[in-house]
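Shown next: upload.cif, containing mmCIF, C-alpha atoms.
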```cif
data_structure
loop_
_atom_site.label_atom_id
_atom_site.label_comp_id
_atom_site.auth_asym_id
_atom_site.auth_seq_id
_atom_site.Cartn_x
_atom_site.Cartn_y
_atom_site.Cartn_z
CA MET R 1 194.34 76.65 146.60
CA ASP R 2 191.50 77.52 148.99
CA SER R 3 189.02 79.79 147.22
CA SER R 4 188.60 81.93 150.35
CA TYR R 5 191.94 83.70 149.81
CA LYS R 6 194.50 84.56 147.16
CA ILE R 7 198.28 84.14 147.27
CA ILE R 8 199.95 87.07 145.55
CA PRO R 9 203.74 87.03 144.95
CA LYS R 10 205.36 90.36 144.11
CA TYR R 11 208.75 92.04 144.08
CA ILE R 12 208.88 95.44 145.74
CA ARG R 13 211.71 97.96 145.70
CA GLY R 14 214.01 98.00 148.72
CA ASP R 15 216.95 100.28 149.48
CA LEU R 16 219.46 97.91 147.86
CA GLY R 17 217.37 95.90 145.41
CA GLN R 18 214.16 94.01 144.76
CA LEU R 19 212.56 92.29 147.76
CA PHE R 20 210.35 89.24 147.30
CA THR R 21 206.99 89.36 149.05
CA LEU R 22 204.20 86.83 149.39
CA HIS R 23 200.78 88.17 150.32
CA TYR R 24 197.94 85.98 151.54
CA GLN R 25 194.88 88.13 150.81
CA PRO R 26 191.58 87.08 152.40
CA GLU R 27 188.41 87.05 150.34
CA ASN R 28 186.72 89.92 152.15
CA LEU R 29 188.70 93.08 152.90
CA SER R 30 187.68 96.09 154.97
CA ASP R 31 189.27 98.97 156.87
CA ASP R 32 189.38 96.66 159.91
CA THR R 33 191.24 93.81 158.21
CA GLU R 34 194.41 93.01 160.14
CA CYS R 35 197.63 92.23 158.25
CA PHE R 36 200.30 90.07 159.90
CA ILE R 37 203.85 90.66 158.70
CA VAL R 38 206.47 88.06 159.56
CA ALA R 39 209.92 89.00 160.84
CA PRO R 40 211.73 85.77 159.89
CA SER R 41 214.46 83.85 161.64
CA PHE R 42 218.05 83.56 160.46
CA ALA R 43 219.97 81.32 158.02
CA GLU R 44 218.94 77.66 158.20
CA GLU R 45 216.44 78.38 160.97
CA MET R 46 214.54 80.55 158.51
CA ASN R 47 214.24 77.61 156.10
CA ARG R 48 213.13 75.24 158.85
CA CYS R 49 210.43 77.66 160.04
CA ARG R 50 209.05 78.53 156.61
CA TYR R 51 206.37 75.87 156.39
CA MET R 52 205.18 76.60 159.93
CA CYS R 53 204.71 80.20 158.80
CA THR R 54 202.91 78.98 155.67
CA MET R 55 200.52 76.95 157.81
CA LEU R 56 199.81 80.03 159.92
CA ALA R 57 199.30 82.19 156.83
CA GLN R 58 196.80 79.72 155.41
CA GLN R 59 194.78 79.48 158.59
CA LEU R 60 194.77 83.23 159.16
CA ALA R 61 193.67 83.92 155.58
CA GLU R 62 190.85 81.43 155.94
CA GLN R 63 189.70 83.38 159.01
CA GLY R 64 189.77 86.74 157.21
CA TYR R 65 193.23 88.01 158.18
CA ALA R 66 195.94 89.05 155.74
CA TYR R 67 199.52 87.80 155.94
CA LEU R 68 202.65 89.19 154.32
CA SER R 69 206.18 87.80 154.18
CA VAL R 70 209.14 89.86 152.99
CA ASP R 71 212.53 88.29 152.32
CA PRO R 72 215.24 90.75 153.41
CA TYR R 73 217.92 91.74 150.90
CA GLY R 74 220.36 88.88 150.35
CA VAL R 75 217.93 86.31 151.76
CA GLY R 76 215.50 83.86 150.19
CA ASP R 77 214.14 85.01 146.82
CA SER R 78 215.12 88.66 147.19
CA GLU R 79 218.03 90.14 145.24
CA GLY R 80 221.55 89.89 146.61
CA ASP R 81 223.55 87.05 148.14
CA PHE R 82 223.55 86.03 151.78
CA VAL R 83 226.94 87.66 152.27
CA ASP R 84 225.18 90.94 151.42
CA ALA R 85 222.70 90.51 154.29
CA ASN R 86 223.06 93.19 156.96
CA TRP R 87 221.30 93.44 160.32
CA GLU R 88 220.32 97.09 160.05
CA GLN R 89 219.32 96.70 156.40
CA SER R 90 217.11 93.75 157.31
CA ASN R 91 215.33 96.00 159.80
CA LYS R 92 214.81 98.57 157.05
CA ASP R 93 213.55 95.88 154.67
CA LEU R 94 211.02 94.80 157.27
CA LEU R 95 209.81 98.39 157.49
CA THR R 96 209.62 98.47 153.69
CA GLY R 97 207.25 95.52 154.00
CA VAL R 98 205.18 97.45 156.54
CA ALA R 99 204.99 100.40 154.13
CA TYR R 100 203.89 98.04 151.36
CA ALA R 101 201.10 96.66 153.56
CA GLU R 102 199.98 100.23 154.23
CA GLU R 103 199.99 100.93 150.48
CA LEU R 104 197.72 97.93 150.06
CA GLY R 105 195.28 99.69 152.37
CA PHE R 106 195.81 97.87 155.66
CA LYS R 107 195.27 100.13 158.67
CA ASN R 108 195.93 97.43 161.28
CA ILE R 109 199.44 95.99 161.19
CA SER R 110 200.67 93.19 163.45
CA ILE R 111 204.09 91.54 163.54
CA LEU R 112 204.99 87.88 163.94
CA GLY R 113 208.58 87.64 165.20
CA VAL R 114 210.08 84.17 164.74
CA ARG R 115 213.22 83.38 166.75
CA LEU R 116 215.85 85.98 165.82
CA GLY R 117 213.17 87.87 163.91
CA ALA R 118 211.62 88.70 167.28
CA LEU R 119 214.73 90.73 168.14
CA GLN R 120 214.45 92.62 164.87
CA ALA R 121 210.74 93.20 165.39
CA MET R 122 211.44 94.74 168.79
CA GLN R 123 213.88 97.19 167.23
CA ILE R 124 211.32 98.66 164.80
CA LEU R 125 208.17 98.70 166.92
CA ASN R 126 208.16 102.44 167.51
CA GLU R 127 208.35 103.06 163.75
CA ILE R 128 205.07 101.26 162.97
CA LYS R 129 202.26 103.76 163.44
CA ASN R 130 199.33 101.35 163.02
CA LEU R 131 200.71 98.48 165.10
CA LYS R 132 197.95 96.39 166.67
CA ARG R 133 199.80 93.53 168.34
CA LEU R 134 202.98 91.50 168.47
CA ILE R 135 203.22 87.71 168.24
CA LEU R 136 206.49 86.03 169.25
CA TRP R 137 207.44 82.45 168.42
CA GLN R 138 210.32 81.15 170.55
CA PRO R 139 211.93 84.61 170.63
CA VAL R 140 215.69 85.03 170.90
CA ILE R 141 216.37 87.48 173.72
CA ASN R 142 220.15 87.77 173.43
CA GLY R 143 221.73 88.18 170.01
CA GLN R 144 225.24 87.40 171.21
CA SER R 145 224.16 84.05 172.66
CA ALA R 146 222.41 83.16 169.39
CA LEU R 147 225.50 84.11 167.41
CA THR R 148 227.74 82.02 169.67
CA GLN R 149 225.48 78.99 169.20
CA PHE R 150 225.62 79.49 165.44
CA LEU R 151 229.41 79.76 165.42
CA ARG R 152 229.67 76.51 167.38
CA ILE R 153 228.35 74.77 164.26
CA LYS R 154 231.50 75.92 162.47
CA ILE R 155 233.73 74.81 165.34
CA ALA R 156 232.06 71.38 165.52
CA ALA R 157 232.37 70.92 161.73
CA SER R 158 236.11 71.68 161.91
CA ILE R 159 236.60 69.15 164.69
CA GLY R 160 234.66 66.59 162.66
CA ARG R 161 237.08 67.10 159.76
CA ASN R 162 240.09 66.85 162.09
CA GLU R 163 240.93 70.47 161.38
CA THR R 164 242.11 72.98 163.93
CA PRO R 165 238.92 74.70 165.02
CA GLY R 166 238.84 78.45 165.24
CA THR R 167 237.64 80.26 168.33
CA ILE R 168 235.00 82.91 168.83
CA SER R 169 237.83 85.40 169.27
CA ASP R 170 239.27 84.33 165.91
CA PHE R 171 235.92 84.97 164.23
CA ASP R 172 235.57 88.33 165.97
CA ALA R 173 238.99 89.28 164.60
CA GLN R 174 237.94 88.29 161.07
CA ILE R 175 234.89 90.51 161.34
CA GLU R 176 236.94 93.41 162.69
CA ASN R 177 239.18 93.03 159.63
CA GLY R 178 236.13 93.41 157.40
CA GLU R 179 236.03 89.73 156.41
CA SER R 180 232.92 87.54 156.39
CA VAL R 181 232.74 84.31 158.41
CA GLU R 182 231.48 81.18 156.66
CA VAL R 183 229.28 78.91 158.77
CA ALA R 184 227.54 75.85 157.31
CA GLY R 185 227.48 77.38 153.84
CA TYR R 186 226.37 80.83 154.98
CA ASP R 187 228.80 83.74 154.59
CA VAL R 188 228.00 86.03 157.52
CA SER R 189 228.98 89.62 156.79
CA PRO R 190 230.46 92.02 159.34
CA GLY R 191 227.21 94.00 159.25
CA LEU R 192 225.09 90.96 160.07
CA TYR R 193 227.54 89.51 162.60
CA SER R 194 228.04 92.74 164.53
CA GLY R 195 224.37 93.72 164.44
CA MET R 196 223.26 90.38 165.81
CA LYS R 197 225.96 90.36 168.46
CA ALA R 198 224.93 93.77 169.79
CA SER R 199 221.17 93.09 169.94
CA ARG R 200 219.41 92.71 173.27
CA PHE R 201 215.67 92.18 173.67
CA GLU R 202 215.50 94.04 176.98
CA GLU R 203 216.74 97.29 175.44
CA HIS R 204 213.50 97.65 173.50
CA ILE R 205 210.71 96.50 175.82
CA ASP R 206 209.81 100.08 176.77
CA LEU R 207 208.90 100.72 173.12
CA CYS R 208 206.05 98.20 173.08
CA SER R 209 202.60 99.48 173.99
CA VAL R 210 200.50 96.80 172.23
CA PRO R 211 199.39 93.35 173.43
CA VAL R 212 202.02 90.63 173.11
CA GLY R 213 201.46 86.92 172.57
CA TRP R 214 204.63 85.02 173.58
CA PHE R 215 204.59 81.36 172.49
CA SER R 216 207.07 78.84 173.89
CA THR R 217 207.31 75.36 172.36
CA LEU R 218 208.55 72.73 174.79
CA ALA R 219 209.45 69.12 174.03
CA SER R 220 207.27 67.64 176.78
CA GLU R 221 205.16 68.55 179.79
CA ASP R 222 208.05 67.92 182.17
CA ARG R 223 210.04 70.74 180.56
CA LYS R 224 209.78 74.36 181.61
CA THR R 225 210.23 77.63 179.76
CA PRO R 226 213.87 78.70 180.30
CA ARG R 227 214.34 80.90 183.34
CA ALA R 228 215.91 83.71 181.31
CA GLU R 229 212.79 83.92 179.14
CA MET R 230 210.45 83.87 182.15
CA ASN R 231 212.51 86.61 183.79
CA MET R 232 212.16 88.71 180.65
CA ILE R 233 208.40 88.17 180.50
CA GLU R 234 208.02 89.09 184.18
CA LYS R 235 210.20 92.18 183.81
CA TRP R 236 208.16 93.28 180.79
CA GLN R 237 204.88 92.73 182.63
CA LYS R 238 206.11 94.74 185.63
CA LYS R 239 206.65 97.64 183.25
CA GLY R 240 202.94 97.51 182.48
CA ALA R 241 203.04 95.50 179.26
CA THR R 242 200.29 93.04 178.39
CA VAL R 243 202.26 89.87 177.73
CA ASP R 244 200.27 86.65 177.37
CA HIS R 245 202.67 83.72 177.68
CA ARG R 246 201.44 80.43 176.25
CA VAL R 247 203.12 77.04 176.12
CA VAL R 248 202.72 74.49 173.35
CA TYR R 249 204.25 71.01 173.40
CA GLY R 250 206.06 69.67 170.38
CA PRO R 251 209.49 69.29 168.73
CA SER R 252 211.92 72.16 168.23
CA TYR R 253 210.74 72.99 164.70
CA TRP R 254 213.46 75.64 164.28
CA GLN R 255 216.31 73.23 165.06
CA VAL R 256 215.77 69.76 163.62
CA HIS R 257 217.27 68.90 160.23
CA GLU R 258 214.14 67.29 158.80
CA ARG R 259 211.05 69.42 158.32
CA THR R 260 209.16 69.14 161.58
CA LEU R 261 205.79 70.73 162.21
CA VAL R 262 203.95 71.73 165.36
CA PRO R 263 200.32 72.19 164.24
CA GLY R 264 199.36 72.89 167.85
CA LEU R 265 201.42 76.09 167.79
CA VAL R 266 199.61 77.32 164.69
CA ASP R 267 196.22 76.45 166.20
CA ALA R 268 197.09 78.14 169.50
CA THR R 269 198.31 81.27 167.72
CA VAL R 270 195.16 81.56 165.58
CA LYS R 271 192.98 81.06 168.65
CA TYR R 272 194.89 83.76 170.55
CA ILE R 273 194.49 86.18 167.66
CA MET R 274 190.79 85.50 167.19
CA ASP R 275 190.07 85.73 170.92
CA GLY R 276 191.77 89.13 171.00
CA SER R 277 190.07 90.56 167.92
#
```
Any chance you could give the structure as structure tokens?
Amino acid sequence: MDSSYKIIPKYIRGDLGQLFTLHYQPENLSDDTECFIVAPSFAEEMNRCRYMCTMLAQQLAEQGYAYLSVDPYGVGDSEGDFVDANWEQSNKDLLTGVAYAEELGFKNISILGVRLGALQAMQILNEIKNLKRLILWQPVINGQSALTQFLRIKIAASIGRNETPGTISDFDAQIENGESVEVAGYDVSPGLYSGMKASRFEEHIDLCSVPVGWFSTLASEDRKTPRAEMNMIEKWQKKGATVDHRVVYGPSYWQVHERTLVPGLVDATVKYIMDGS
């Protein structure tokens, strides 16, 4: 372990049970030290993004920044099972992490929203009193679209087994009946399903008054950031927000089955943070 920082694991009390946290504490702390708290992605995407977040945590800690990850209830190493995970509760657990960072003495809090975590970060921005900035990695801007893509995994698996695939309407009906929907080994609860489905990035852009670093990772230089994302950035900027959009080239680290890294994204993020400090 690099001697310039410490890695401190700890369980903290959440509303429903113990939440696992991992704190990268830099060697020198002051009232100005900035703490980055990650709002993680969802299900298997969360696992695929973990080491990218670890790389960022290491580099930030080496540069004198703190980093804190909090597994929501039912996720990762926190108490509960995935079927217990709930969208609104995950938002509350993220705020519990913010409160923990404040208890540790950090007066400058920043959020890293990864994929679906970006949507959750947007929903709690106005509840973080010492928010300094927001970093977004490949943010999901429409929860329903993300949910539909996730459910297609279940449909494709059924077709591959020569089973009659369900439809999105079938899954909606299950949820309305209070049943969970199993997708690729993850039991998605009604509270998680419905919360994700109802979430829209645009509904929360008026709440953000801090600088935003929006990072898009594209496969090659002949690709472009999706039009829907560019429209969102432009709409946000027209409302007076400071949104710095940056493009990094590399594989879709949140999608591929093998662990795939994009060191350039970590480097670009650290540079953006240090330039803005």
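Between CA of Ile168 (chain R) and CA of Leu151 (chain R) the separation is 7.3 Å.
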Practice problem: Can you pull out every residue within 12 Å of region 77-79 of chain R, counting all atoms listed in the file, but drop anything in the same chain fewer than 6 positions away, and send it as a ChimeraX atom specification? | Solution: /R:9-22,47,69-71,85,90,93
Exercise. Tell me which residues the PyMOL selection byres ((chain R and resi 187) around 12) grabs here, as an MDAnalysis selection string.
Key: chainID R and resid 43 74:75 81:86 151 154 175 179:186 188:193
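Across R:Thr167, R:Asn28, R:Thr33, R:Gln138, the tightest approach to Tyr253 (chain R) is made by R:Gln138 when counting only C-alpha atoms.
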Practice problem: Evaluate the PyMOL selection byres ((chain R and resi 206) around 10) here and jot the selected residues down as a VMD selection string. | Solution: chain R and resid 122 126 202 to 205 207 to 209 236 239 to 241
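One finds CA of Met55 (chain R) at 14.8 Å from CA of Ile273 (chain R).
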Please supply region 13-24 of chain R, rebuilt with N, CA and C atoms, as a CSV table (one decimal), keeping the file's coordinate frame.
```csv
chain,number,residue,atom,x,y,z
R,13,ARG,N,210.4,97.3,145.7
R,13,ARG,CA,211.7,98.0,145.7
R,13,ARG,C,212.2,98.2,147.1
R,14,GLY,N,213.4,97.7,147.5
R,14,GLY,CA,214.0,98.0,148.7
R,14,GLY,C,215.1,99.0,148.5
R,15,ASP,N,215.8,99.3,149.6
R,15,ASP,CA,217.0,100.3,149.5
R,15,ASP,C,218.1,99.8,148.6
R,16,LEU,N,218.3,98.5,148.6
R,16,LEU,CA,219.5,97.9,147.9
R,16,LEU,C,219.1,97.1,146.6
R,17,GLY,N,217.8,96.7,146.5
R,17,GLY,CA,217.4,95.9,145.4
R,17,GLY,C,215.9,95.4,145.6
R,18,GLN,N,215.5,94.5,144.7
R,18,GLN,CA,214.2,94.0,144.8
R,18,GLN,C,214.0,93.0,145.9
R,19,LEU,N,212.9,93.2,146.6
R,19,LEU,CA,212.6,92.3,147.8
R,19,LEU,C,211.3,91.4,147.4
R,20,PHE,N,211.5,90.1,147.6
R,20,PHE,CA,210.4,89.2,147.3
R,20,PHE,C,209.3,89.2,148.4
R,21,THR,N,208.1,89.4,148.1
R,21,THR,CA,207.0,89.4,149.0
R,21,THR,C,206.0,88.3,148.6
R,22,LEU,N,205.3,87.8,149.6
R,22,LEU,CA,204.2,86.8,149.4
R,22,LEU,C,203.0,87.3,150.3
R,23,HIS,N,201.9,87.6,149.6
R,23,HIS,CA,200.8,88.2,150.3
R,23,HIS,C,199.6,87.2,150.3
R,24,TYR,N,199.2,86.8,151.4
R,24,TYR,CA,197.9,86.0,151.5
R,24,TYR,C,196.8,87.0,151.8
```
